[in-house]
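Participant: Sending over a structure as structure tokens; questions will come in a sec.
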Amino acid sequence: MKIFKFKSDLQSYLESIREEKILSFVPTMGALHLGHMSLIETAKHKSDIVICSIFVNPTQFNNPADLLKYPRNNEVDIKILEDLDCDILYLPEVIDLYNNNEKAKTFNFNGLDKFMEGSGRSGHFDGVATIIEKLFRIIKPNIAFFGLKDLQQLQIIKHVTMQLCLPIEIIGVETKREESGLAMSSRNSLLSEQEKGKSMLISETLNFIKDNSTILSIDELTKQSIKKFKNQNVLDLKYLEIVSLNTLQPISKLGEKNTNAACIAASISSVRLIDNIIF
Ligand code: PAF
């Protein structure tokens, strides 16, 4: 695997090999887990060259403590990528991507950012879109892969890619789960086994919503789901929304099959977990 620390070197190398090849890109913030591995595997099947980036993007963290405690382990990540036969890793320092004191650009997400992760984390999606635009313009991949776990991020990236007229296909890849149902996330490494056990409530509630979606009204599904969180005191529910998959706006009536999504964010010992189900 070739490792590049500077965008100029990466760009020159990519220009020398790009011709007639399908380039796929998997952007990450490191602390790689089975979810990332499945993105890389999917990318390998769909392209000739797989480029992964590891960059903990400061502009998408509105809480500096969250940025500081974000898990980082480049050595282990490099070994994982090598074992997966990833072709290229871009591993820059902040200075390669941002000028001194550069802030996130402001985007118009057409309302996709107004709920859920957008309401409690002001500027978060501007930060995500800023880094993704930079990375897309440097790498110019044909396809880019993102986890469906971060559904709102995925829809926003699809929107921005279209808005900027970038000729990149965006593919969402199924969420990988622990045996308990807990969605895999780099943040899970900050949880004890006991906390992981308690966090199962998130995926259990999402399955409850999907399984009962044809029997109960949206209002009733929401009420009963929120009650499940009120009946315990370990997980702090931040939001539970049943939304339209495409617009991410809350719905009062179910749309056709697979056009609805239930999304949950909850924190446990100040670790924020998110998950969703499409139905
Ligand atoms: O999902 C992530 O890991 C990050 O938000 C991303 C897409 C790599 C941008 O920094």
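Residues in the structure tokens are numbered from 1 in each chain, the chains being A, B, ... in the order shown, and ligands are numbered from 1 in the order shown.
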Quick one: residues within 7 Å of ligand 1, with only C-alpha atoms and all ligand atoms, as JSON, numbers by chain?

Facilitator: {"A": [27, 28, 29, 55, 56, 57, 128, 131, 132, 146, 150]}

Participant: Report the distance between atom CA of A:Phe279 and atom CA of A:Leu34 in Å, rounded to one decimal place.

Facilitator: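 Atom CA of A:Phe279 sits 23.6 Å away from atom CA of A:Leu34.
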
Participant: So which residues of stretch 49-236 of chain A fall under alpha helix (DSSP H) by DSSP, listed as a ChimeraX atom specification?

Facilitator: /A:64-69,74-83,94-97,117-120,124-139,151-163,193-212,218-230

Participant: Of the candidates A:Lys158, A:Ile274, A:Leu68, A:Ser199, which shows the shortest atom-to-atom distance to A:Ser185, using only C-alpha atoms?

Facilitator: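 Looking only at the distances to A:Ser185, the closest residue turns out to be A:Ile274.
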